[in-house]
Amino acid sequence: MKVMNIIEAVNDALHLEMERNDKVVVFGEDVGGFGGVFRATKGLTDRFGEPRCFNTPIVEQGIIGFAMGLAMNGFKPCPEIQFADYIFPAYDQIVNEVAKSRFRSGNSFTAGMVIRTPYGGGIHGGCYHSQSPEAQFLHTPGIKVVIPSDPYEAKGLLLASLRTDDPILFLEPKRIYRASKCEVPLDDYEIPLGQAQVAREGKDLTLIGWGAQHHQNLEAAKKAEAMGIDVEVLNLRTLNPLDIDTIIASIKKTGKCVVSQEAPKTMGFAAEISALIMEKAFLHLEAPVFRCCGFDTPFANAHEHEYMPDSPRVIKAIKDTYDY
Amino acid sequence: MKFEIETISYLNEDGEIRDGYQKTISDDLLLQAYKIMLQTKRIDERMVTLQRQSIVTFAMPSRGEEASTVVSAAALKPQDWHFYQYREQGAIFMKGFTIQEYCDHMLLNVDDTAKGRQMSNHFGKKELNAVTVSSTLATQIPQAAGCAYAQKLRGEDAVTMCYFAEGAASEGDFHAGLNMAAVTKAPVIFYCRNNHYAISTPSKDQFAGDGIAPRGIGYGMKTYRIDAMDAFAIYDTVQEAREYCAAGNGPVLIEAMAYRIGPHSTADDPSAYRTDDEVAKWEKLCPIERVKKYLIKNNLWSEEQDLEFYNALIEEIEESIAIAKAKPKPGIDSMFNEVYSDIPWNLQEQYDFLKEFTKEESH
Ligand SMILES: Cc1ncc(C[n+]2csc(CCOP(=O)(O)OP(=O)(O)O)c2C)c(N)n1
Ligand SMILES: [Mg+2]
């Protein structure tokens with residue numbers, strides 16, 4: 001065991017898997033010798049050589065298309081997109097190519113890869129270093145979406161992702177890249193995809209989140225306890241495949257639910273969860289599922305603090321839903 | 001195969017001009033550009049310190065590229081449009097953006113032209129035809145082609161100046177923009193600041209060919225490569241390019257060779273990827289010093305005047321920073337208005353919620 005932050009845990013997982021599987025190739029803008037702007041790929045070029053960890057030109061569609069060519073040949077590319085906000089030049093390659101390759105080629109050409117990218121607000125990033133674009137990819141059949149919320153999950157989920165024969169978007173919560181620290185096993189371990197974590201048990205209300213927001217949710221649940229509300233906190237870890245069983249079991253117990261995400265409310269993944277709960281547990285609901293989300297605006301730098309659905313807003317959502 | 005495109009250069013590090021060269025920039029304009037280069041350098045230095053003091057959250061210094069940005073803009077006309085990448089504060093100063101406006105933007109206060117919505121160093125001003133910076137690299141390149149086409153349709157004596165750098169030239173949008181401008185014969189100058197680095201990535205990892213210039217030839221457009229630490233080479237070339245574009249001949253690509261002497265941004269530590277020696281070599285080529293030496297040698301300026309000007313400049317900058325600091329940040333409404341031309345019900349609901357919530361929280 002060693003205390004690590006999320007960046008160190010990602011770095012540790014990459015070292016481990018590149019050692020174990022010589023088909024893993026890591027590349028992206030500034031990821032070579034320098035080790036990436038967040039230093040998540042630090043030391044990989046030194047350890048494994050340039051052919052397996054290198055700088056690319058600044059061209060995201062090139063990075064992802066290139067990864068797909070490697071994947072078709074049995075390699076396991078792990079490209080980095082420097083910020084999730086800059087994944088959009090590669091949107092065509094991801095949505096129309098990578099995600100559909102297996103299906104449209106009759107399972108002949110598959111595109112298993114792990115696209116790592118830091119996402120989310122809270123670092124004074126303004127319009128273009130703050131976005132949470134998970135919903136845009138969750139709306140695309142063929143790509144799995146994984147979001148760790150701490151170093152232990154980052155390593156275990158990244159190792160599991162690198163051993164899955166599907167394209168995976170691995171979104172890393174950069175707001176807590178360094179702030180989130182915990183003990184991480186130095187050995188190999190996997191956290192299976194598709195399993196949510198019940199981070200806190202409770203009987204009055206289910207609070208669902210992922211990534212950096214999960215920490216706001218935990219804090220809100222703690223404060224809610226002081227107000228006499230016993231909140232069960234679910235940390236999804238994987239958004240697709242979604243652990244629907246854990247969600248529904250919790251709703252059947254509590255009858256009330258708040259889903260909290262950093263991304264804008266409209267058409268966010270919280271809406272999908274809300275609809276699923278209605279379909280599968282309607283008669284157990286004692287209040288409408290409430291969404292506590294980012295506003296439906298671009299990310300305004302000067303008002304970042306007001307924009308974020310941080311714990312005070314989550315507490316209000318819990319109270320309103322509990323008192324419904 | 002290797003293209004070898006020559007680099008135009010007239011003024012050396014000692015402020016001496018090449019034999020037979022006739023300067024075309026007027027003495028007055030040269031002096032004005034010199035002052036704005038000094039202003040750019042000083043403001044950049046101050047913004048870095050203010051970031052360390054948490055007064056600004058982010059800054060991108062342009063040390064080494066002051067002539068490249070300022071003098072290129074000096075060769076253009078007020079009706080011309082500018083599109084920026086981000087490291088072109090010198091160009092927008094030359095176009096008329098004031099020190100106060102710049103400080104208001106950098107501190108993201110109520111008078112920021114971008115209303116505090118973006119990161120710092122994302123300047124722009126409609127009245128100056130200076131288009132607000134967007135962080136997404138190269139997206140401005142096809143937009144500049146369209147903008148120039150609009151100027152052509154209106155039959156104006158105006159061109160579009162599109163700034164970007166060698167790293168961004170790897171993006172698909174670079175190729176899209178150059179090709180569209182070439183086939184539509186749009187009057188746009190593509191001005192590529194080749195400063196040898198894209199964050200930590202050296203040019204050798206960015207492209208295998210002879211820089212960016214050969215790509216202009218590939219797209220069928222007039223192309224130049226200049227020493228962008230040389231004010232005269234910059235001025236003459238941009239001036240010539242402007243005339244060529246405005247006469248209806250189509251776009252021009254200029255590859256402006258300089259060096260990013262400072263860090264990529266206040267979030268960057270270049271010691272992790274390059275040596276001090278390498279940087280020192282370029283520092284000696286300082287584009288501002290060259291002009292100063294030329295001005296003094298030719299009795300257009302003196303050390304005394306220089307000192308006097310610089311002291312007054314420092315004072316003006318400090319005053320502007322103090323004023324910017326005293327201004328409040330934009331109102332909370334600035335988060336919800338101007339997402340659309342009107343405010344739809346969901347935004348109104350969210351705005352009302354936030355007002356109410358902020359009130360509750362402050363109790
Ligand atoms: C589409 C996109 N991808 C990645 C980035 C992250 N990024 C910001 S600046 C930069 C390097 C740009 O280098 P260059 O174009 O040479 O400009 P310079 O900083 O040297 O002026 C990168 C990769 C971005 N802003 N936009
Ligand atoms: Mg560069």
# chains A, B, ... in the order shown; residues from 1 in each chain; ligands from 1
>>> interface_residues(of="chain A", to="chain B", cutoff="8 Å", atoms="only C-alpha atoms", output="MDAnalysis selection string")
chainID A and resid 29:30 33:34 55:61 86 89 124:128 295:303 306
>>> select_by_dssp(residues="stretch 30-195 of chain B", states="alpha helix (DSSP H)", output="PyMOL selection string")
chain B and resi 30-52+66-74+89-95+99-106+140-153+172-184
>>> atom_distance(atom1="atom CA of A:Tyr91", atom2="atom CA of A:Phe137")
9.0 Å
>>> closest_residue(among="A:Leu138, A:Ile6, A:Ile273, A:Ala212", to="A:Gly122", atoms="only C-alpha atoms")
A:Ala212
>>> select_by_dssp(residues="stretch 160-193 of chain A", states="strand (DSSP E)", output="ChimeraX atom specification")
/A:167-173,181-184
>>> write_last_selection(atoms="all heavy atoms", output="PDB file, in the first residue's frame")
ATOM      1  N   PRO A 167     -13.986   0.084 -26.820  1.00  0.00           N
ATOM      2  CA  PRO A 167     -13.516   1.458 -26.612  1.00  0.00           C
ATOM      3  C   PRO A 167     -14.088   2.011 -25.319  1.00  0.00           C
ATOM      4  O   PRO A 167     -15.273   1.829 -25.029  1.00  0.00           O
ATOM      5  CB  PRO A 167     -14.063   2.224 -27.819  1.00  0.00           C
ATOM      6  CG  PRO A 167     -14.951   1.310 -28.565  1.00  0.00           C
ATOM      7  CD  PRO A 167     -14.875  -0.058 -27.979  1.00  0.00           C
ATOM      8  N   ILE A 168     -13.225   2.658 -24.554  1.00  0.00           N
ATOM      9  CA  ILE A 168     -13.644   3.198 -23.262  1.00  0.00           C
ATOM     10  C   ILE A 168     -13.211   4.652 -23.148  1.00  0.00           C
ATOM     11  O   ILE A 168     -12.064   4.992 -23.451  1.00  0.00           O
ATOM     12  CB  ILE A 168     -13.023   2.377 -22.110  1.00  0.00           C
ATOM     13  CG1 ILE A 168     -13.665   0.975 -22.110  1.00  0.00           C
ATOM     14  CG2 ILE A 168     -13.230   3.070 -20.756  1.00  0.00           C
ATOM     15  CD1 ILE A 168     -13.116   0.038 -21.076  1.00  0.00           C
ATOM     16  N   LEU A 169     -14.141   5.496 -22.753  1.00  0.00           N
ATOM     17  CA  LEU A 169     -13.786   6.876 -22.428  1.00  0.00           C
ATOM     18  C   LEU A 169     -13.568   6.915 -20.923  1.00  0.00           C
ATOM     19  O   LEU A 169     -14.476   6.623 -20.142  1.00  0.00           O
ATOM     20  CB  LEU A 169     -14.915   7.828 -22.841  1.00  0.00           C
ATOM     21  CG  LEU A 169     -14.647   9.309 -22.548  1.00  0.00           C
ATOM     22  CD1 LEU A 169     -13.476   9.836 -23.363  1.00  0.00           C
ATOM     23  CD2 LEU A 169     -15.896  10.149 -22.827  1.00  0.00           C
ATOM     24  N   PHE A 170     -12.345   7.237 -20.527  1.00  0.00           N
ATOM     25  CA  PHE A 170     -11.965   7.213 -19.113  1.00  0.00           C
ATOM     26  C   PHE A 170     -11.792   8.658 -18.664  1.00  0.00           C
ATOM     27  O   PHE A 170     -10.788   9.306 -18.964  1.00  0.00           O
ATOM     28  CB  PHE A 170     -10.657   6.423 -18.970  1.00  0.00           C
ATOM     29  CG  PHE A 170     -10.316   6.022 -17.569  1.00  0.00           C
ATOM     30  CD1 PHE A 170     -10.841   4.864 -17.003  1.00  0.00           C
ATOM     31  CD2 PHE A 170      -9.450   6.797 -16.811  1.00  0.00           C
ATOM     32  CE1 PHE A 170     -10.508   4.482 -15.706  1.00  0.00           C
ATOM     33  CE2 PHE A 170      -9.118   6.420 -15.504  1.00  0.00           C
ATOM     34  CZ  PHE A 170      -9.650   5.264 -14.959  1.00  0.00           C
ATOM     35  N   LEU A 171     -12.817   9.193 -17.996  1.00  0.00           N
ATOM     36  CA  LEU A 171     -12.814  10.612 -17.620  1.00  0.00           C
ATOM     37  C   LEU A 171     -12.221  10.774 -16.224  1.00  0.00           C
ATOM     38  O   LEU A 171     -12.707  10.169 -15.262  1.00  0.00           O
ATOM     39  CB  LEU A 171     -14.249  11.154 -17.659  1.00  0.00           C
ATOM     40  CG  LEU A 171     -14.855  11.285 -19.069  1.00  0.00           C
ATOM     41  CD1 LEU A 171     -16.372  11.446 -18.991  1.00  0.00           C
ATOM     42  CD2 LEU A 171     -14.249  12.461 -19.827  1.00  0.00           C
ATOM     43  N   GLU A 172     -11.179  11.596 -16.135  1.00  0.00           N
ATOM     44  CA  GLU A 172     -10.485  11.773 -14.855  1.00  0.00           C
ATOM     45  C   GLU A 172     -10.851  13.129 -14.235  1.00  0.00           C
ATOM     46  O   GLU A 172     -10.722  14.160 -14.890  1.00  0.00           O
ATOM     47  CB  GLU A 172      -8.969  11.666 -15.084  1.00  0.00           C
ATOM     48  CG  GLU A 172      -8.586  10.278 -15.613  1.00  0.00           C
ATOM     49  CD  GLU A 172      -7.132  10.172 -16.074  1.00  0.00           C
ATOM     50  OE1 GLU A 172      -6.375  11.151 -15.935  1.00  0.00           O
ATOM     51  OE2 GLU A 172      -6.763   9.092 -16.571  1.00  0.00           O
ATOM     52  N   PRO A 173     -11.322  13.110 -12.971  1.00  0.00           N
ATOM     53  CA  PRO A 173     -11.782  14.349 -12.331  1.00  0.00           C
ATOM     54  C   PRO A 173     -10.616  15.263 -11.945  1.00  0.00           C
ATOM     55  O   PRO A 173     -10.027  15.098 -10.885  1.00  0.00           O
ATOM     56  CB  PRO A 173     -12.530  13.848 -11.099  1.00  0.00           C
ATOM     57  CG  PRO A 173     -11.916  12.525 -10.796  1.00  0.00           C
ATOM     58  CD  PRO A 173     -11.450  11.935 -12.084  1.00  0.00           C
ATOM     59  N   LYS A 181      -6.605  11.829  -2.060  1.00  0.00           N
ATOM     60  CA  LYS A 181      -5.490  10.931  -1.739  1.00  0.00           C
ATOM     61  C   LYS A 181      -6.017   9.758  -0.927  1.00  0.00           C
ATOM     62  O   LYS A 181      -6.892   9.935  -0.085  1.00  0.00           O
ATOM     63  CB  LYS A 181      -4.456  11.666  -0.873  1.00  0.00           C
ATOM     64  CG  LYS A 181      -3.593  12.603  -1.669  1.00  0.00           C
ATOM     65  CD  LYS A 181      -2.483  13.179  -0.799  1.00  0.00           C
ATOM     66  CE  LYS A 181      -1.825  14.300  -1.549  1.00  0.00           C
ATOM     67  NZ  LYS A 181      -1.301  15.339  -0.731  1.00  0.00           N
ATOM     68  N   CYS A 182      -5.461   8.590  -1.170  1.00  0.00           N
ATOM     69  CA  CYS A 182      -5.801   7.450  -0.317  1.00  0.00           C
ATOM     70  C   CYS A 182      -4.769   6.357  -0.507  1.00  0.00           C
ATOM     71  O   CYS A 182      -3.895   6.450  -1.370  1.00  0.00           O
ATOM     72  CB  CYS A 182      -7.215   6.934  -0.620  1.00  0.00           C
ATOM     73  SG  CYS A 182      -7.397   6.194  -2.237  1.00  0.00           S
ATOM     74  N   GLU A 183      -4.879   5.322   0.274  1.00  0.00           N
ATOM     75  CA  GLU A 183      -3.973   4.187   0.162  1.00  0.00           C
ATOM     76  C   GLU A 183      -4.333   3.389  -1.084  1.00  0.00           C
ATOM     77  O   GLU A 183      -5.511   3.082  -1.322  1.00  0.00           O
ATOM     78  CB  GLU A 183      -4.129   3.284   1.388  1.00  0.00           C
ATOM     79  CG  GLU A 183      -3.694   3.944   2.673  1.00  0.00           C
ATOM     80  CD  GLU A 183      -2.706   3.087   3.435  1.00  0.00           C
ATOM     81  OE1 GLU A 183      -2.980   1.879   3.580  1.00  0.00           O
ATOM     82  OE2 GLU A 183      -1.664   3.625   3.874  1.00  0.00           O
ATOM     83  N   VAL A 184      -3.308   3.058  -1.852  1.00  0.00           N
ATOM     84  CA  VAL A 184      -3.527   2.297  -3.077  1.00  0.00           C
ATOM     85  C   VAL A 184      -2.593   1.089  -3.047  1.00  0.00           C
ATOM     86  O   VAL A 184      -1.402   1.239  -2.778  1.00  0.00           O
ATOM     87  CB  VAL A 184      -3.204   3.187  -4.306  1.00  0.00           C
ATOM     88  CG1 VAL A 184      -3.340   2.398  -5.603  1.00  0.00           C
ATOM     89  CG2 VAL A 184      -4.113   4.416  -4.339  1.00  0.00           C
TER      90      VAL A 184
END
>>> residues_around(residues="A:Ile318", least_positions_apart="5", cutoff="12 Å", atoms="only C-alpha atoms", output="PyMOL selection string")
chain A and resi 204-208+217-225+227-233+256-260+287-292+311-313+323-324
>>> write_last_selection(atoms="N, CA, C and O atoms", output="CSV table (one decimal), in the first residue's frame")
chain,number,residue,atom,x,y,z
A,204,ASP,N,-33.1,6.9,4.2
A,204,ASP,CA,-34.1,7.9,3.9
A,204,ASP,C,-34.1,8.4,2.4
A,204,ASP,O,-35.2,8.8,1.9
A,205,LEU,N,-33.0,8.4,1.8
A,205,LEU,CA,-32.9,9.0,0.5
A,205,LEU,C,-31.6,8.5,-0.2
A,205,LEU,O,-30.6,8.3,0.4
A,206,THR,N,-31.7,8.3,-1.5
A,206,THR,CA,-30.6,7.8,-2.3
A,206,THR,C,-30.0,9.0,-3.0
A,206,THR,O,-30.7,9.7,-3.7
A,207,LEU,N,-28.7,9.2,-2.9
A,207,LEU,CA,-28.0,10.3,-3.6
A,207,LEU,C,-27.0,9.7,-4.5
A,207,LEU,O,-26.1,8.9,-4.1
A,208,ILE,N,-27.2,10.0,-5.8
A,208,ILE,CA,-26.3,9.3,-6.8
A,208,ILE,C,-25.4,10.3,-7.5
A,208,ILE,O,-25.8,11.4,-7.9
A,217,ASN,N,-21.2,15.1,-2.8
A,217,ASN,CA,-22.4,14.4,-2.3
A,217,ASN,C,-22.1,13.8,-0.9
A,217,ASN,O,-23.0,13.8,-0.1
A,218,LEU,N,-20.9,13.2,-0.8
A,218,LEU,CA,-20.5,12.6,0.5
A,218,LEU,C,-20.6,13.7,1.7
A,218,LEU,O,-21.1,13.4,2.8
A,219,GLU,N,-20.1,14.9,1.3
A,219,GLU,CA,-20.1,16.0,2.3
A,219,GLU,C,-21.5,16.4,2.6
A,219,GLU,O,-21.9,16.6,3.8
A,220,ALA,N,-22.3,16.4,1.6
A,220,ALA,CA,-23.7,16.8,1.8
A,220,ALA,C,-24.4,15.8,2.7
A,220,ALA,O,-25.2,16.1,3.6
A,221,ALA,N,-24.1,14.5,2.4
A,221,ALA,CA,-24.8,13.4,3.2
A,221,ALA,C,-24.4,13.5,4.7
A,221,ALA,O,-25.3,13.3,5.5
A,222,LYS,N,-23.2,13.9,4.9
A,222,LYS,CA,-22.7,14.0,6.3
A,222,LYS,C,-23.5,15.1,7.0
A,222,LYS,O,-24.0,15.0,8.1
A,223,LYS,N,-23.6,16.3,6.3
A,223,LYS,CA,-24.3,17.4,6.9
A,223,LYS,C,-25.8,17.1,7.0
A,223,LYS,O,-26.4,17.5,8.0
A,224,ALA,N,-26.4,16.3,6.1
A,224,ALA,CA,-27.8,15.9,6.2
A,224,ALA,C,-28.0,15.1,7.4
A,224,ALA,O,-29.1,15.2,8.0
A,225,GLU,N,-27.1,14.3,7.8
A,225,GLU,CA,-27.2,13.4,8.9
A,225,GLU,C,-27.5,14.3,10.2
A,225,GLU,O,-28.4,13.9,11.0
A,227,MET,N,-29.1,16.9,10.2
A,227,MET,CA,-30.5,17.4,10.1
A,227,MET,C,-31.4,16.2,10.3
A,227,MET,O,-32.6,16.4,10.0
A,228,GLY,N,-30.9,15.1,10.6
A,228,GLY,CA,-31.8,13.9,10.8
A,228,GLY,C,-32.2,13.2,9.5
A,228,GLY,O,-33.2,12.4,9.5
A,229,ILE,N,-31.5,13.4,8.4
A,229,ILE,CA,-31.8,12.7,7.2
A,229,ILE,C,-30.7,11.7,6.9
A,229,ILE,O,-29.5,12.1,6.8
A,230,ASP,N,-31.1,10.4,6.8
A,230,ASP,CA,-30.1,9.3,6.6
A,230,ASP,C,-30.0,9.0,5.1
A,230,ASP,O,-30.8,8.4,4.5
A,231,VAL,N,-28.9,9.5,4.5
A,231,VAL,CA,-28.7,9.5,3.1
A,231,VAL,C,-27.8,8.3,2.7
A,231,VAL,O,-26.8,8.1,3.2
A,232,GLU,N,-28.3,7.5,1.7
A,232,GLU,CA,-27.5,6.5,1.0
A,232,GLU,C,-26.8,7.1,-0.2
A,232,GLU,O,-27.4,7.7,-1.0
A,233,VAL,N,-25.5,7.0,-0.2
A,233,VAL,CA,-24.7,7.6,-1.3
A,233,VAL,C,-24.2,6.6,-2.3
A,233,VAL,O,-23.4,5.7,-1.9
A,256,LYS,N,-36.8,7.7,-2.2
A,256,LYS,CA,-36.5,9.1,-2.6
A,256,LYS,C,-35.1,9.2,-3.2
A,256,LYS,O,-34.2,8.5,-2.8
A,257,CYS,N,-35.0,10.1,-4.2
A,257,CYS,CA,-33.7,10.1,-4.9
A,257,CYS,C,-33.3,11.5,-5.4
A,257,CYS,O,-34.1,12.2,-5.9
A,258,VAL,N,-32.0,11.8,-5.2
A,258,VAL,CA,-31.4,13.0,-5.8
A,258,VAL,C,-30.2,12.5,-6.7
A,258,VAL,O,-29.4,11.7,-6.2
A,259,VAL,N,-30.2,13.0,-7.9
A,259,VAL,CA,-29.0,12.7,-8.7
A,259,VAL,C,-28.3,14.0,-8.9
A,259,VAL,O,-28.9,15.0,-9.3
A,260,SER,N,-27.0,14.0,-8.7
A,260,SER,CA,-26.2,15.2,-8.8
A,260,SER,C,-25.1,15.1,-9.7
A,260,SER,O,-24.2,14.2,-9.6
A,287,ALA,N,-41.3,10.6,-3.8
A,287,ALA,CA,-41.1,11.9,-4.3
A,287,ALA,C,-40.5,11.9,-5.7
A,287,ALA,O,-40.0,10.9,-6.1
A,288,PRO,N,-40.7,13.0,-6.5
A,288,PRO,CA,-40.1,13.0,-7.8
A,288,PRO,C,-38.5,12.9,-7.6
A,288,PRO,O,-38.0,13.4,-6.7
A,289,VAL,N,-37.9,12.2,-8.6
A,289,VAL,CA,-36.4,12.2,-8.6
A,289,VAL,C,-35.9,13.6,-8.9
A,289,VAL,O,-36.4,14.2,-9.8
A,290,PHE,N,-35.1,14.1,-8.0
A,290,PHE,CA,-34.6,15.5,-8.2
A,290,PHE,C,-33.2,15.5,-8.8
A,290,PHE,O,-32.3,14.7,-8.4
A,291,ARG,N,-33.0,16.4,-9.7
A,291,ARG,CA,-31.7,16.6,-10.3
A,291,ARG,C,-31.0,17.9,-9.8
A,291,ARG,O,-31.6,19.0,-9.9
A,292,CYS,N,-29.8,17.7,-9.2
A,292,CYS,CA,-29.1,18.8,-8.7
A,292,CYS,C,-27.8,18.9,-9.6
A,292,CYS,O,-26.9,18.1,-9.5
A,311,SER,N,-21.7,21.1,-2.4
A,311,SER,CA,-22.5,20.4,-1.3
A,311,SER,C,-23.6,21.3,-0.8
A,311,SER,O,-24.7,20.8,-0.5
A,312,PRO,N,-23.5,22.6,-0.6
A,312,PRO,CA,-24.6,23.4,-0.1
A,312,PRO,C,-25.9,23.2,-1.0
A,312,PRO,O,-27.0,23.1,-0.5
A,313,ARG,N,-25.6,23.2,-2.3
A,313,ARG,CA,-26.8,23.0,-3.2
A,313,ARG,C,-27.3,21.6,-3.1
A,313,ARG,O,-28.5,21.3,-3.2
A,323,ASP,N,-38.4,16.5,2.2
A,323,ASP,CA,-39.7,17.1,2.8
A,323,ASP,C,-40.8,17.1,1.8
A,323,ASP,O,-41.9,17.6,2.1
A,324,TYR,N,-40.6,16.5,0.6
A,324,TYR,CA,-41.6,16.7,-0.5
A,324,TYR,C,-43.0,16.3,0.0
A,324,TYR,O,-43.2,15.3,0.6
>>> residues_around(residues="B:Glu101", least_positions_apart="4", cutoff="10 Å", atoms="only C-alpha atoms", output="list in words")
Phe93, Gly96, Phe97, His105, Met106, Asp111, Asp112, Thr113, Phe123, Gly124, Lys125, Ser320 and Ala324 of chain B
>>> residues_around(residues="B:Glu156", least_positions_apart="4", cutoff="10 Å", atoms="only C-alpha atoms", output="PDB file with all heavy atoms, in the first residue's frame")
ATOM      1  N   GLN B  79      -9.510  49.124 -40.252  1.00  0.00           N
ATOM      2  CA  GLN B  79     -10.676  48.375 -40.740  1.00  0.00           C
ATOM      3  C   GLN B  79     -10.381  46.879 -40.889  1.00  0.00           C
ATOM      4  O   GLN B  79     -11.292  46.080 -41.109  1.00  0.00           O
ATOM      5  CB  GLN B  79     -11.178  48.961 -42.069  1.00  0.00           C
ATOM      6  CG  GLN B  79     -10.242  48.800 -43.261  1.00  0.00           C
ATOM      7  CD  GLN B  79      -9.287  49.979 -43.435  1.00  0.00           C
ATOM      8  OE1 GLN B  79      -8.881  50.622 -42.454  1.00  0.00           O
ATOM      9  NE2 GLN B  79      -8.918  50.276 -44.674  1.00  0.00           N
ATOM     10  N   ASP B  80      -9.141  46.486 -40.813  1.00  0.00           N
ATOM     11  CA  ASP B  80      -8.799  45.069 -40.925  1.00  0.00           C
ATOM     12  C   ASP B  80      -9.235  44.320 -39.665  1.00  0.00           C
ATOM     13  O   ASP B  80      -9.246  44.881 -38.575  1.00  0.00           O
ATOM     14  CB  ASP B  80      -7.286  44.903 -41.124  1.00  0.00           C
ATOM     15  CG  ASP B  80      -6.812  45.534 -42.435  1.00  0.00           C
ATOM     16  OD1 ASP B  80      -7.643  45.697 -43.355  1.00  0.00           O
ATOM     17  OD2 ASP B  80      -5.608  45.880 -42.525  1.00  0.00           O
ATOM     18  N   ALA B 148     -12.866  36.966 -44.114  1.00  0.00           N
ATOM     19  CA  ALA B 148     -12.215  37.636 -45.243  1.00  0.00           C
ATOM     20  C   ALA B 148     -13.106  37.578 -46.481  1.00  0.00           C
ATOM     21  O   ALA B 148     -13.183  38.530 -47.263  1.00  0.00           O
ATOM     22  CB  ALA B 148     -10.866  36.988 -45.530  1.00  0.00           C
ATOM     23  N   ALA B 150     -16.304  37.617 -46.458  1.00  0.00           N
ATOM     24  CA  ALA B 150     -17.328  38.649 -46.247  1.00  0.00           C
ATOM     25  C   ALA B 150     -16.782  40.020 -46.652  1.00  0.00           C
ATOM     26  O   ALA B 150     -17.484  40.819 -47.286  1.00  0.00           O
ATOM     27  CB  ALA B 150     -17.776  38.665 -44.783  1.00  0.00           C
ATOM     28  N   GLN B 151     -15.549  40.285 -46.315  1.00  0.00           N
ATOM     29  CA  GLN B 151     -14.931  41.561 -46.693  1.00  0.00           C
ATOM     30  C   GLN B 151     -14.859  41.678 -48.213  1.00  0.00           C
ATOM     31  O   GLN B 151     -15.104  42.731 -48.792  1.00  0.00           O
ATOM     32  CB  GLN B 151     -13.513  41.654 -46.082  1.00  0.00           C
ATOM     33  CG  GLN B 151     -13.530  41.752 -44.564  1.00  0.00           C
ATOM     34  CD  GLN B 151     -12.142  41.584 -43.939  1.00  0.00           C
ATOM     35  OE1 GLN B 151     -11.347  40.747 -44.378  1.00  0.00           O
ATOM     36  NE2 GLN B 151     -11.855  42.375 -42.916  1.00  0.00           N
ATOM     37  N   LYS B 152     -14.548  40.562 -48.845  1.00  0.00           N
ATOM     38  CA  LYS B 152     -14.464  40.550 -50.310  1.00  0.00           C
ATOM     39  C   LYS B 152     -15.848  40.780 -50.929  1.00  0.00           C
ATOM     40  O   LYS B 152     -16.001  41.570 -51.869  1.00  0.00           O
ATOM     41  CB  LYS B 152     -13.890  39.200 -50.750  1.00  0.00           C
ATOM     42  CG  LYS B 152     -13.785  39.006 -52.244  1.00  0.00           C
ATOM     43  CD  LYS B 152     -13.054  37.701 -52.549  1.00  0.00           C
ATOM     44  CE  LYS B 152     -13.560  37.131 -53.873  1.00  0.00           C
ATOM     45  NZ  LYS B 152     -12.665  36.091 -54.390  1.00  0.00           N
ATOM     46  N   ALA B 246      -5.501  42.547 -50.506  1.00  0.00           N
ATOM     47  CA  ALA B 246      -6.511  43.577 -50.754  1.00  0.00           C
ATOM     48  C   ALA B 246      -6.721  43.784 -52.251  1.00  0.00           C
ATOM     49  O   ALA B 246      -7.798  44.197 -52.685  1.00  0.00           O
ATOM     50  CB  ALA B 246      -6.104  44.888 -50.078  1.00  0.00           C
TER      51      ALA B 246
END
>>> atom_distance(atom1="atom 22 (C, counted along the ligand's line) of ligand 1", atom2="atom CA of A:His129")
11.5 Å
>>> closest_residue(among="A:Glu190, A:Asp245, A:Asp12, A:Asp310", to="A:Ala281", atoms="only C-alpha atoms")
A:Asp245
